[in-house]
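A.B. asks: I have a structure here, written as structure tokens, and I will follow up with some questions on it.
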Amino acid sequence: MRRTLTGLALATVLSAAALGPAAAQDKAPIKLGTALDFTAVYTFVTAEYSQGQRDYASLLNAKGGIKGHSVEIMVVDTGNQPQRGIEAYERFKNEGAVLVDFLSTPVSRAVVPRALADGMNVITLFHGRSDAADGTVFPTIFPMTPAYWSQATAIVKYIDDQEKGDLKGKKIALVMIDSPFGREPLPVFEELCKRLGYEFSAFPYPSPGNEQSSAWTQLRRFKPDWTIIWGAGGGQSVSVRDAISNGIPLDRLASVIWLSETDANIIGAGQTKGILRFEGVAYGKDLPVIQAIEQEVVAKGKGAGPAEKVGGTYYNIGVASMALFGEGARLALEKEGEPLTPAKLKKGLESIKDFTADGLLPPVTITGEDHQGGGRGRIAAWDGSKWVPKSAWAPAYQDIVWDLIHKSAEEFKASSK
Amino acid sequence: MFYRLAGIRHTRYAADRQLWPVPVDRAQIAALTAFAAAAPLLLSNLYLGSYLLPWIIWSTAALGLNLLMGWAGQIHLGYAAVMAIGAYSTIHIVRAGLPFELAIIGGGLLSAVIGLVFGFAALRVKGLYLAISTLAMQYLVDWIVSHVQAISGGSQATLQAPAFRVLGLPVAGDMMRYYVALAVCLVVTSFLLNVGRTSFGRALAAVREKDFAAAIVGVDPFYFKLLAFWCSSFVGGIAGAVLAFCYYRAVTPEQFNLDVSIQAVAMVIVGGLGSVIGSYLGAALVLLAPIMLNNLVAALARAGALPMSEEVLSHIPLILYGGLIVGFLLFEPLGLAKVYDNLRNYFLVWPFRHARR
């Protein structure tokens, strides 16, 4: 009994320590909160993404911070559970964070109402609500990159260009996960179908996508000229494998953004040659920002993770998220003055103009109305060892995307009354 | 020591039958209730809004499931689906213009009706077979919610909880939300506390122990199994509605998926089947332990005690959490409620080992 009681007492003390205040603070660092999913669903992205974010923050700090302020990233695991994300969000808010990041659609959806009420900035790169691009309805939600609808239009634009602008009678198939995420691009493809005259058909497979053979058998009967895959995580490599075994030419198979060198290597780097994907952030180490990280952070042993991951798809997305934040914070401090608050950072982010982070990103311009940043993206192909851009950074059919954004944002506005 | 039972003699049946015959227990309950009522003044918004509030809502839900699993002995693997029905229908009813008080009851009733349909399965199958048929309910509801945009709220599959009033007062801010959740929790708790003392509770116990034996002594298992599903689904629906309005403020299908059902079952089993306090303790362990372990590991890492990568670090709480659950169930298979009971029994007769009964 005594042992039990001692154990209980110890547990109480430990949990009290866990609830206690954070470690000592430097002189006014800028704090960011990232509550990511390291352990449940998005594990294929999170580790590299977070590594990129922290390495870029180390780079900023090595260069003297943003206007003299160091950047401190708080990282915590949510296991993709909304209630843990909410707890983390409230904790970040208490600790004075000016911006939070969740990299998870369920968690960011659960936090959006709170963040809007509190005026906290949330970044949702390449995920989350597509309609958050409407800055007038979602003042503090910042996708800053092409949302899923823009990714869909970019892929169709590329196909249209390859077919010399004549898609009449061509067949485009979409193989997607049967979830809100998978169904999200459908209105885009249907609208473009009316405009460009191709034949469109969708083949959903059940979540989580470990088993897709029936969708692909049906697809074979449809005999598509172009195939688009829309999934994430483990389902993506299953899609590509099924595509190969059903004889779909890979240079006519395009994916949503969530397809990386890791997926290609799982299937076999050589076998996946030619496969296309949407790209919103440049790939590889051959970029000034990544070179700077290599020299200033990784070479000095301050890297946040394995050195071979530097320059990877998701690593670079992490770097891009922090680069955009850094630019926004710099502009905010210049224009609005000290100290940096969430409201000032919002204005800073909204004054980002033609920012490319030295070629890492397409030119991003964020305004009070457009939080998507212009919707520019490109298509890249896997050549067996790296992703090679096949088109230039360009926005595609943004009128369709913005019609959908406005419609959906209006619904949101009406529903939150 | 605390209890001082010597000299307490109940001379009337009413006194002997009261919920807490021991004065110290009554004092404890009074102190806890006073703390719960004063919590918004005592705790910071962080602890109120992201620890206490979800805890009492989940305890309400666990109580509802415990009624079915602990009292009536019927397993349910689709409890999150029941909560989802309550959450979605309450939001839609409030949007249609009805007051929140009516809407939440409507949400509860709809959950109860749909839960009852699946309760019919319980009339034919037991144990693992019932587990599978309730699992089917989970998948069915998940599928319908995420495929019918009229329910789930458009292409983003997110439905905002509208602003609402309770008894004429606008509910905004953590304090008001907390009091709404607390009120619902107190009503459900007092219902569950009293179930064991009613003929309904005794009938459930009889059905739980052996349904055909219950039938022989004149307790109709058909009726009471359905009643158990009805009541438990009603409570689940109300808990789901409170979760949507007071905590999440927006519902998405992922908030009520299979994982959540499993968590609810874990709350009941780890907490203790058929125990009110067990539902609270189980909800606390399943809901709050991962968060606290996470913060503990993060604090140790900040102090430099754990030199490893973020990826490894974030898995340590999972290992500890798993160990904690296995440990508790090995140490006391009857759940946390039994751990509490053992402690209480020890102190009831302290400093002796036994007492004259």
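Letters A, B, ... go to the chains of the structure tokens in the order shown; residues in each chain start at 1; ligands are counted from 1 in the same order.
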Write out as an MDAnalysis selection string the residues lying within 9 Å of Phe222 of chain B, counting only C-alpha atoms and excluding same-chain residues fewer than 4 positions away.

C.D. replies: chainID B and resid 120 123 215 226:227

A.B. asks: If we count only C-alpha atoms, what is near Phe245 of chain B at a cut-off of 12 Å, once residues fewer than 2 positions away on the same chain are taken out, given as a PyMOL selection string?

C.D. replies: (chain A and resi 113+416) or (chain B and resi 53-54+57+86-92+94+100+103-104+159-166+171-174+176-178+180-181+238-243+247-251)

A.B. asks: As a PDB file with C-alpha atoms, in the first residue's frame, please: the residues near segment 198-208 of chain A (cut-off 7 Å, only C-alpha atoms, same-chain neighbours under 3 positions excluded).

C.D. replies:
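After the write, around.pdb holds the following:
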```pdb
ATOM      1  CA  LEU A 167      -9.333  17.985 -75.011  1.00  0.00           C
ATOM      2  CA  LYS A 168     -12.542  17.307 -76.976  1.00  0.00           C
ATOM      3  CA  GLY A 169     -13.380  13.629 -76.699  1.00  0.00           C
ATOM      4  CA  LYS A 170     -10.373  12.841 -74.509  1.00  0.00           C
ATOM      5  CA  LYS A 171     -11.035  10.790 -71.392  1.00  0.00           C
ATOM      6  CA  ILE A 172      -9.810  11.905 -67.993  1.00  0.00           C
ATOM      7  CA  ALA A 173     -10.236   9.623 -64.984  1.00  0.00           C
ATOM      8  CA  LEU A 174      -9.934  10.526 -61.343  1.00  0.00           C
ATOM      9  CA  VAL A 175      -9.063   7.775 -58.873  1.00  0.00           C
ATOM     10  CA  MET A 176      -9.642   9.178 -55.430  1.00  0.00           C
ATOM     11  CA  ILE A 177     -10.053   8.236 -51.806  1.00  0.00           C
ATOM     12  CA  ASP A 178     -13.707   8.154 -50.794  1.00  0.00           C
ATOM     13  CA  SER A 179     -13.543  10.891 -48.176  1.00  0.00           C
ATOM     14  CA  CYS A 193     -15.348  19.255 -68.242  1.00  0.00           C
ATOM     15  CA  GLN A 212      -8.069  -0.276 -54.509  1.00  0.00           C
ATOM     16  CA  ALA A 215     -11.537   0.964 -58.672  1.00  0.00           C
ATOM     17  CA  LEU A 219     -10.924   2.359 -64.641  1.00  0.00           C
ATOM     18  CA  GLY A 235      -2.912   4.835 -50.365  1.00  0.00           C
TER      19      GLY A 235
END
```

A.B. asks: From a DSSP calculation on the backbone, collect every residue of segment 79-231 of chain B in strand (DSSP E) and output the set as JSON, numbers by chain.

C.D. replies: {"B": [159, 160, 165, 166, 169, 170]}

A.B. asks: To one decimal place in Å, what is the distance between atom CA of Ile400 of chain A and atom CA of Pro187 of chain A?

C.D. replies: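 Rounded to one decimal, the two atoms are 9.4 Å apart.
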
A.B. asks: Find the residues of chain B in contact range of chain A, meaning any atom within 8 Å when counting only C-alpha atoms, and list them as a ChimeraX atom specification.

C.D. replies: /B:46,50-51,54,146-147,154-163,248-252,254-255,291-299,302-303,309-311,314-315

A.B. asks: Report as a list of chain:residue names all protein, DNA and RNA residues lying within 8 Å of Phe234 of chain B, evaluated on only C-alpha atoms, omitting residues in the same chain fewer than 4 positions from it.

C.D. replies: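 Contacts, in chain order: B:Gly64, B:Gly108, B:Leu109, B:Leu110, B:Ser111, B:Ala112, B:Trp230, B:Ile238.
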
A.B. asks: Take the residues that were just selected and, keeping N, CA and C atoms, output them as a compact mmCIF listing (two decimals), in the first residue's frame.

C.D. replies:
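So the final result, stored in out.txt, reads:
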```txt
# COMPACT_ATOMS: atom_id res chain seq x y z
N GLY B 64 -23.08 7.42 -20.15
CA GLY B 64 -24.12 6.86 -21.01
C GLY B 64 -23.74 5.48 -21.52
N GLY B 108 -31.08 14.19 -28.75
CA GLY B 108 -31.02 12.99 -27.91
C GLY B 108 -32.05 11.97 -28.35
N LEU B 109 -33.26 12.44 -28.67
CA LEU B 109 -34.32 11.51 -29.07
C LEU B 109 -33.99 10.83 -30.39
N LEU B 110 -33.45 11.62 -31.33
CA LEU B 110 -33.11 11.02 -32.61
C LEU B 110 -32.02 9.96 -32.45
N SER B 111 -31.00 10.28 -31.62
CA SER B 111 -29.96 9.29 -31.31
C SER B 111 -30.59 8.06 -30.70
N ALA B 112 -31.55 8.28 -29.79
CA ALA B 112 -32.17 7.16 -29.10
C ALA B 112 -32.93 6.28 -30.09
N TRP B 230 -32.02 2.46 -25.54
CA TRP B 230 -32.71 3.76 -25.68
C TRP B 230 -32.08 4.80 -24.76
N ILE B 238 -27.02 13.41 -26.32
CA ILE B 238 -26.91 14.69 -25.61
C ILE B 238 -25.45 15.05 -25.38
```

A.B. asks: Check the DSSP output for the backbone and give back, as a PyMOL selection string, the residues of segment 117-366 of chain A in helix (DSSP H, G or I).

C.D. replies: chain A and resi 117-118+130-133+148-162+180-183+186-196+213-222+234-245+250-252+261-267+288-298+307-309+313-336+342-350

A.B. asks: Atom CA of Met69 of chain B and atom CA of Gly274 of chain B are how many Å apart?

C.D. replies: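 Computing it gives 7.4 Å between the two atoms.
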